[in-house]
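To start, the structure under review is shown below, and the notes come after it.
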Amino acid sequence: MLNEFSPILAKDVEKVTAGYTEVECSEDTGLQRKKVPYSEAINIAGFGRFQWLLLLVCGTANASDAIEILCVSFLLPSAECDLHLSSSDKGWLSAVIFIGMMIGSYLWGTLGDYFGRRIVLVTALLFNGGFGCLSSLAQTFPVFVVIRLFSGIGVGGSIPVVWSYFAEFQTEKSRPRQMCFLASFWMVGNIVTAALAWIIIPQVHIGFFSGHFVFNSWRIFVVVCSSFAILSALTLLLFPESPMFLLKKGREQEAVAVLEGIYQRNKPNLSKKVPYKVSGLYTDVSDGSEPDLVTSTGWCRFTTETAQGMIQQTADLFVPPNRRPSVILLVINFTLAFGYYGLWMWFPELFNRMTKYAQLHNNSEVDVCSLPVEIINTNSSLYNCGNSVDTKVFLDSFIISLSNLPSNVITILFIHQARRIFLSGGMALAGVSVFLIWIVKNRTHNLILSCLFGCLSMFPYNSLNVITAESFTTNLRATAMGFFLVFGRIGAILGNVVFGQLVDYHCTISVLMVAGFLSGSGLLSLLIPRTDKRTLK
């Protein structure tokens with residue numbers, strides 16, 4: 001089915017656009033071709049089959065990022081003995097992918113504004129998947145950490161670019177809801193990761209064991225998780241470049257050709273009778289187009305031009321009218337990532353500790369923060385390297401992953417009317433749920449509140465992506481998302497490292513910190529300018 005998109009790839013653009021003039025008249029129908037604003041051109045191309053297939057492919061890319069990030073949290077209990085991990089090591093292992101993402105999100109996001117969304121997205125996904133698979137071969141903790149760092153650089157590139165790429169194919173009416181559908185694939189990735197962990201990791205007898213080289217079940221799990229990024233990259237090669245990006249780079253007729261291809265896919269019967277009536281495009285604002293960096297300069301100046309452009313585009317984010325939304329979105333990205341990933345990445349580990357505690361003491365009445373104190377006071381380890389991880393851990397994690405479903409459905413249905421409500425209310429209520437996790441003492445109640453936290457956290461994440469994409473123009477959109485994600489990654493790094501350092505001795509401090517950050521940023525988000533009436537420019 002996807003092979004049908006080949007007529008609108010770059011190699012066929014010249015054939016598709018041959019004979020266009022600013023105003024044309026079809027011999028068959030007498031329909032006048034004319035130059036129109038981009039927003040009108042995409043509306044004429046319509047919404048339909050093309051966008052749904054693009055959602056499937058971009059959604060797989062988004063899910064693959066979630067899988068690559070979250071797989072580490074599921075392998076921590078199993079990899080502890082193989083890699084000789086302490087609690088601090090686990091914190092750094094969870095954090096290192098975010099260090100890579102911090103580097104990659106800014107670098108790849110800015111390159112996506114220069115060279116094109118699709119080629120950068122494909123490259124970042126292959127980078128992610130390739131190093132992810134390679135990490136499964138690492139036999140020591142230092143080597144594993146370094147390779148996961150490079151995998152994170154790839155993840156950091158695909159996240160900001162996939163949002164810009166996908167948004168620029170949507171009509172104004174369809175965009176908010178489609179972007180929520182795209183966001184929901186993060187939940188799909190979460191569920192897939194938990195399901196794969198549940199199926200693969202407990203199979204401790206599968207794999208390859210030879211002397212000092214071990215390739216066991218959790219390493220197979222890592223390879224399977226990384227394959228999703230490679231699959232989505234290869235599939236994206238069947239799709240065209242963003243027509244809005246092409247227009248901004250002065251490649252007007254290529255953009256028209258892409259839009260005509262979308263028109264033909266969305267309206268196959270109509271397109272046979274009524275040709276696409278657009279012969280040329282202009283932007284909806286008078287900021288003009290930008291030259292293609294590579295073709296307009298020599299390669300000897302390329303590095304300098306790119307570096308200067310990255311700095312200038314970043315500076316433009318903090319010039320009115322971009323300054324206010326940029327500062328607020330920067331803070332929200334940091335605090336939301338600190339709270340969400342600082343706790344979410346540790347759920348499988350915490351549930352494993354609670355399960356082992358119950359097995360050793362025949363007592364299920366224990367709260368998250370009292371558990372490490374019990375470990376220290378009894379001078380006993382909760383882990384036996386000869387035993388596999390209890391499958392209840394993966395079942396609990398799978399249930400928590402499903403908790404994202406209600407919030408994704410609700411945001412899809414009501415994102416048009418409630419962007420800021422979802423952002424502010426979701427963060428504030430998620431902060432309250434974290435506080436309650438700290439005070440309950442029953443494992444079942446902890447599971448319920450963890451599900452509540454997972455559900456509430458998806459509201460701000462889904463709406464934040466939509467608001468960020470709508471707050472900036474095409475020449476800044478990928479840069480903005482990449483730059484803000486840098487601060488999100490810093491938050492995620494600190495969240496995981498802080499939790500790893502404090503979980504054994506001062507767990508209460510880290511839990512209350514997460515609750516405070518989330519609730520405070522929920523109030524701050526009310527100051528973001530409204531974007532629900534805006535057209536992408």
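Identifiers for the structure tokens are assigned positionally: chains receive A, B, ... in sequence, residues are indexed from 1 per chain, and ligands are indexed from 1 in the order shown.
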Region 70-104 of chain A residues near region 342-347 of chain A within 12 Å, closest pair each, using only C-alpha atoms, as CSV:
residue,atom,partner,partner_atom,distance
A:Leu70,CA,A:Met345,CA,6.6
A:Cys71,CA,A:Met345,CA,9.0
A:Val72,CA,A:Met345,CA,7.8
A:Ser73,CA,A:Met345,CA,5.0
A:Phe74,CA,A:Met345,CA,8.3
A:Leu75,CA,A:Met345,CA,10.7
A:Leu76,CA,A:Trp346,CA,8.9
A:Pro77,CA,A:Trp346,CA,10.3
A:Ser87,CA,A:Trp346,CA,10.5
A:Lys90,CA,A:Trp346,CA,9.0
A:Gly91,CA,A:Trp346,CA,8.5
A:Trp92,CA,A:Gly342,CA,11.4
A:Leu93,CA,A:Met345,CA,10.4
A:Ser94,CA,A:Met345,CA,6.9
A:Ala95,CA,A:Gly342,CA,8.9
A:Ile97,CA,A:Met345,CA,11.6
A:Phe98,CA,A:Gly342,CA,11.1
Could you give me, as a ChimeraX atom specification, the residues within 12 Å of Gly454 (chain A), counting only C-alpha atoms and dropping anything in the same chain fewer than 6 positions from it? /A:186-187,190-191,339-341,343-345,347,397-408,426-427,429-431,433-434,447-448,460-461
Skipping near chain neighbours, those fewer than 6 positions away, what residues fall within 8 Å of Leu329 (chain A) using only C-alpha atoms, listed as JSON, numbers by chain? {"A": [468, 484, 525, 528]}
Residues from last step as file, N, CA and C atoms, as a PDB file, in the first residue's frame:
ATOM      1  N   THR A 468       3.296  23.649  21.642  1.00  0.00           N
ATOM      2  CA  THR A 468       4.635  24.020  21.176  1.00  0.00           C
ATOM      3  C   THR A 468       4.678  24.102  19.658  1.00  0.00           C
ATOM      4  N   PHE A 484      13.690  23.189  23.582  1.00  0.00           N
ATOM      5  CA  PHE A 484      12.939  22.978  24.825  1.00  0.00           C
ATOM      6  C   PHE A 484      13.139  21.556  25.355  1.00  0.00           C
ATOM      7  N   SER A 525       1.685  27.279  33.696  1.00  0.00           N
ATOM      8  CA  SER A 525       1.236  27.047  32.320  1.00  0.00           C
ATOM      9  C   SER A 525       0.014  27.872  31.946  1.00  0.00           C
ATOM     10  N   ILE A 528       0.612  30.785  29.392  1.00  0.00           N
ATOM     11  CA  ILE A 528       0.964  30.580  27.981  1.00  0.00           C
ATOM     12  C   ILE A 528      -0.107  31.202  27.084  1.00  0.00           C
TER      13      ILE A 528
END
Applying 8 Å and only C-alpha atoms, which residues near Val256 (chain A) remain after dropping the ones on its own chain fewer than 4 positions away? List them as a ChimeraX atom specification. /A:17,243,252,260,278-281
Write to file, as a compact mmCIF listing (two decimals), in the first residue's frame, the residues of the selection just made, with C-alpha atoms.
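Contents of result_38.txt, as written:
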# COMPACT_ATOMS: atom_id res chain seq x y z
CA THR A 17 5.25 19.80 -12.02
CA PRO A 243 5.76 20.62 1.55
CA GLU A 252 7.93 25.94 -4.56
CA GLU A 260 -0.82 17.27 -5.61
CA VAL A 278 -2.87 24.90 -7.44
CA SER A 279 0.05 26.00 -9.65
CA GLY A 280 2.03 27.92 -7.05
CA LEU A 281 2.25 28.72 -3.34
What is the CA of Val486 (chain A)-CA of Arg117 (chain A) distance in Å, reported with one decimal?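 Atom-to-atom, CA of Val486 (chain A) and CA of Arg117 (chain A) are spaced 18.5 Å apart.
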Report as a PyMOL selection string: the residues of region 142-310 of chain A with a DSSP assignment of helix (DSSP H, G or I), based on the backbone of this structure. chain A and resi 142-167+175-200+217-236+243-248+252-266+268-273+293-296+299-310
How many Å separate CA of Glu40 (chain A) from CA of Leu464 (chain A)?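 Going from CA of Glu40 (chain A) over to CA of Leu464 (chain A), I get 26.2 Å.
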Write down as a ChimeraX atom specification the residues of region 179-287 of chain A whose backbone DSSP state falls under strand (DSSP E or B). /A:208-210,213-215,278-282
Correct to one decimal, the distance CA of Val96 (chain A)-CA of Lys392 (chain A) is 27.0 Å
Can you list, as a PDB file with all heavy atoms, in the first residue's frame, every protein, DNA or RNA residue that comes within 9 Å of region 314-328 of chain A when you count only C-alpha atoms, leaving out same-chain residues fewer than 6 positions away?
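Here's the written file part-v9.pdb:
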ATOM      1  N   THR A 110      17.612  21.346  14.923  1.00  0.00           N
ATOM      2  CA  THR A 110      18.050  22.484  14.120  1.00  0.00           C
ATOM      3  C   THR A 110      18.421  22.046  12.715  1.00  0.00           C
ATOM      4  O   THR A 110      18.103  22.731  11.734  1.00  0.00           O
ATOM      5  CB  THR A 110      19.255  23.168  14.794  1.00  0.00           C
ATOM      6  OG1 THR A 110      18.909  23.491  16.142  1.00  0.00           O
ATOM      7  CG2 THR A 110      19.643  24.437  14.063  1.00  0.00           C
ATOM      8  N   THR A 468       3.296  23.649  21.642  1.00  0.00           N
ATOM      9  CA  THR A 468       4.635  24.020  21.176  1.00  0.00           C
ATOM     10  C   THR A 468       4.678  24.102  19.658  1.00  0.00           C
ATOM     11  O   THR A 468       5.237  25.058  19.094  1.00  0.00           O
ATOM     12  CB  THR A 468       5.686  23.007  21.673  1.00  0.00           C
ATOM     13  OG1 THR A 468       5.627  22.921  23.091  1.00  0.00           O
ATOM     14  CG2 THR A 468       7.073  23.432  21.263  1.00  0.00           C
ATOM     15  N   SER A 471       2.981  27.308  18.449  1.00  0.00           N
ATOM     16  CA  SER A 471       3.447  28.591  18.971  1.00  0.00           C
ATOM     17  C   SER A 471       4.533  29.235  18.121  1.00  0.00           C
ATOM     18  O   SER A 471       4.848  30.413  18.317  1.00  0.00           O
ATOM     19  CB  SER A 471       3.980  28.416  20.404  1.00  0.00           C
ATOM     20  OG  SER A 471       2.942  28.056  21.288  1.00  0.00           O
ATOM     21  N   PHE A 472       5.095  28.485  17.155  1.00  0.00           N
ATOM     22  CA  PHE A 472       6.235  29.011  16.403  1.00  0.00           C
ATOM     23  C   PHE A 472       6.051  28.768  14.910  1.00  0.00           C
ATOM     24  O   PHE A 472       5.331  27.869  14.488  1.00  0.00           O
ATOM     25  CB  PHE A 472       7.534  28.350  16.891  1.00  0.00           C
ATOM     26  CG  PHE A 472       7.786  28.571  18.357  1.00  0.00           C
ATOM     27  CD1 PHE A 472       7.380  27.620  19.294  1.00  0.00           C
ATOM     28  CD2 PHE A 472       8.392  29.726  18.810  1.00  0.00           C
ATOM     29  CE1 PHE A 472       7.585  27.819  20.646  1.00  0.00           C
ATOM     30  CE2 PHE A 472       8.595  29.942  20.163  1.00  0.00           C
ATOM     31  CZ  PHE A 472       8.191  28.986  21.086  1.00  0.00           C
ATOM     32  N   LEU A 476      11.254  28.070  12.726  1.00  0.00           N
ATOM     33  CA  LEU A 476      11.701  27.925  14.110  1.00  0.00           C
ATOM     34  C   LEU A 476      11.109  26.700  14.809  1.00  0.00           C
ATOM     35  O   LEU A 476      11.515  26.379  15.918  1.00  0.00           O
ATOM     36  CB  LEU A 476      11.333  29.171  14.927  1.00  0.00           C
ATOM     37  CG  LEU A 476      12.048  30.467  14.596  1.00  0.00           C
ATOM     38  CD1 LEU A 476      11.488  31.615  15.437  1.00  0.00           C
ATOM     39  CD2 LEU A 476      13.552  30.340  14.829  1.00  0.00           C
ATOM     40  N   THR A 479      13.485  23.766  15.670  1.00  0.00           N
ATOM     41  CA  THR A 479      14.488  24.298  16.592  1.00  0.00           C
ATOM     42  C   THR A 479      13.892  24.494  17.974  1.00  0.00           C
ATOM     43  O   THR A 479      14.511  24.144  18.995  1.00  0.00           O
ATOM     44  CB  THR A 479      15.040  25.641  16.071  1.00  0.00           C
ATOM     45  OG1 THR A 479      15.660  25.434  14.798  1.00  0.00           O
ATOM     46  CG2 THR A 479      16.071  26.220  17.024  1.00  0.00           C
ATOM     47  N   ALA A 480      12.682  25.064  18.038  1.00  0.00           N
ATOM     48  CA  ALA A 480      12.029  25.305  19.333  1.00  0.00           C
ATOM     49  C   ALA A 480      11.774  24.000  20.071  1.00  0.00           C
ATOM     50  O   ALA A 480      12.093  23.876  21.258  1.00  0.00           O
ATOM     51  CB  ALA A 480      10.713  26.055  19.111  1.00  0.00           C
ATOM     52  N   PHE A 483      15.112  22.601  21.211  1.00  0.00           N
ATOM     53  CA  PHE A 483      15.743  23.372  22.285  1.00  0.00           C
ATOM     54  C   PHE A 483      15.020  23.167  23.613  1.00  0.00           C
ATOM     55  O   PHE A 483      15.653  22.969  24.654  1.00  0.00           O
ATOM     56  CB  PHE A 483      15.746  24.860  21.913  1.00  0.00           C
ATOM     57  CG  PHE A 483      16.436  25.726  22.922  1.00  0.00           C
ATOM     58  CD1 PHE A 483      17.802  25.675  23.074  1.00  0.00           C
ATOM     59  CD2 PHE A 483      15.710  26.599  23.718  1.00  0.00           C
ATOM     60  CE1 PHE A 483      18.457  26.485  24.002  1.00  0.00           C
ATOM     61  CE2 PHE A 483      16.341  27.400  24.650  1.00  0.00           C
ATOM     62  CZ  PHE A 483      17.722  27.346  24.790  1.00  0.00           C
ATOM     63  N   PHE A 484      13.690  23.189  23.582  1.00  0.00           N
ATOM     64  CA  PHE A 484      12.939  22.978  24.825  1.00  0.00           C
ATOM     65  C   PHE A 484      13.139  21.556  25.355  1.00  0.00           C
ATOM     66  O   PHE A 484      13.192  21.334  26.568  1.00  0.00           O
ATOM     67  CB  PHE A 484      11.450  23.245  24.612  1.00  0.00           C
ATOM     68  CG  PHE A 484      11.154  24.657  24.203  1.00  0.00           C
ATOM     69  CD1 PHE A 484      10.084  24.944  23.367  1.00  0.00           C
ATOM     70  CD2 PHE A 484      11.954  25.703  24.619  1.00  0.00           C
ATOM     71  CE1 PHE A 484       9.810  26.240  22.981  1.00  0.00           C
ATOM     72  CE2 PHE A 484      11.693  27.010  24.234  1.00  0.00           C
ATOM     73  CZ  PHE A 484      10.624  27.280  23.406  1.00  0.00           C
ATOM     74  N   SER A 521       4.377  24.032  38.200  1.00  0.00           N
ATOM     75  CA  SER A 521       4.396  24.299  36.760  1.00  0.00           C
ATOM     76  C   SER A 521       3.000  24.252  36.153  1.00  0.00           C
ATOM     77  O   SER A 521       2.745  24.889  35.130  1.00  0.00           O
ATOM     78  CB  SER A 521       5.299  23.283  36.055  1.00  0.00           C
ATOM     79  OG  SER A 521       6.634  23.495  36.419  1.00  0.00           O
ATOM     80  N   LEU A 524       1.907  27.732  36.430  1.00  0.00           N
ATOM     81  CA  LEU A 524       2.648  28.586  35.504  1.00  0.00           C
ATOM     82  C   LEU A 524       2.123  28.459  34.079  1.00  0.00           C
ATOM     83  O   LEU A 524       2.102  29.444  33.323  1.00  0.00           O
ATOM     84  CB  LEU A 524       4.132  28.208  35.547  1.00  0.00           C
ATOM     85  CG  LEU A 524       5.060  28.982  34.601  1.00  0.00           C
ATOM     86  CD1 LEU A 524       5.098  30.467  34.972  1.00  0.00           C
ATOM     87  CD2 LEU A 524       6.465  28.383  34.631  1.00  0.00           C
ATOM     88  N   SER A 525       1.685  27.279  33.696  1.00  0.00           N
ATOM     89  CA  SER A 525       1.236  27.047  32.320  1.00  0.00           C
ATOM     90  C   SER A 525       0.014  27.872  31.946  1.00  0.00           C
ATOM     91  O   SER A 525      -0.279  28.051  30.761  1.00  0.00           O
ATOM     92  CB  SER A 525       0.943  25.560  32.114  1.00  0.00           C
ATOM     93  OG  SER A 525      -0.156  25.140  32.909  1.00  0.00           O
ATOM     94  N   LEU A 527      -0.189  30.891  31.999  1.00  0.00           N
ATOM     95  CA  LEU A 527       0.281  32.140  31.401  1.00  0.00           C
ATOM     96  C   LEU A 527       0.659  31.996  29.932  1.00  0.00           C
ATOM     97  O   LEU A 527       0.999  32.982  29.277  1.00  0.00           O
ATOM     98  CB  LEU A 527       1.497  32.657  32.182  1.00  0.00           C
ATOM     99  CG  LEU A 527       1.274  32.948  33.671  1.00  0.00           C
ATOM    100  CD1 LEU A 527       2.576  33.393  34.319  1.00  0.00           C
ATOM    101  CD2 LEU A 527       0.195  34.017  33.858  1.00  0.00           C
ATOM    102  N   ILE A 528       0.612  30.785  29.392  1.00  0.00           N
ATOM    103  CA  ILE A 528       0.964  30.580  27.981  1.00  0.00           C
ATOM    104  C   ILE A 528      -0.107  31.202  27.084  1.00  0.00           C
ATOM    105  O   ILE A 528      -1.306  30.989  27.294  1.00  0.00           O
ATOM    106  CB  ILE A 528       1.086  29.081  27.664  1.00  0.00           C
ATOM    107  CG1 ILE A 528       2.216  28.452  28.474  1.00  0.00           C
ATOM    108  CG2 ILE A 528       1.338  28.865  26.169  1.00  0.00           C
ATOM    109  CD1 ILE A 528       2.338  26.969  28.267  1.00  0.00           C
ATOM    110  N   PRO A 529       0.291  31.984  26.062  1.00  0.00           N
ATOM    111  CA  PRO A 529      -0.704  32.548  25.127  1.00  0.00           C
ATOM    112  C   PRO A 529      -1.491  31.447  24.428  1.00  0.00           C
ATOM    113  O   PRO A 529      -0.963  30.375  24.138  1.00  0.00           O
ATOM    114  CB  PRO A 529       0.164  33.328  24.130  1.00  0.00           C
ATOM    115  CG  PRO A 529       1.432  33.618  24.871  1.00  0.00           C
ATOM    116  CD  PRO A 529       1.654  32.453  25.771  1.00  0.00           C
TER     117      PRO A 529
END
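Nearest to Phe185 (chain A) of all the residues A:Gln313, A:Asn496, A:Asn446, A:Asn62 is A:Asn62, based on only C-alpha atoms.
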Residues at most 10 Å from Leu502 (chain A), counting only C-alpha atoms, excluding those fewer than 5 positions away in the same chain, as a list in words? Ser87, Ser88, Gly91, Cys369, Pro372, Asn496, Val497, Cys507, Thr508, Ile509, Ser510 and Val511 of chain A
So which one's closest to Ile103 (chain A), A:Gly154, A:Pro275, A:Gly207, A:Pro202? Using only C-alpha atoms, please.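 Ranking A:Gly154, A:Pro275, A:Gly207, A:Pro202 by distance to Ile103 (chain A), first place goes to A:Gly154.
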Using only C-alpha atoms: which of A:Thr171, A:Ser457, A:Asn333, A:Ser463 has the shortest distance to Phe414 (chain A): A:Ser463
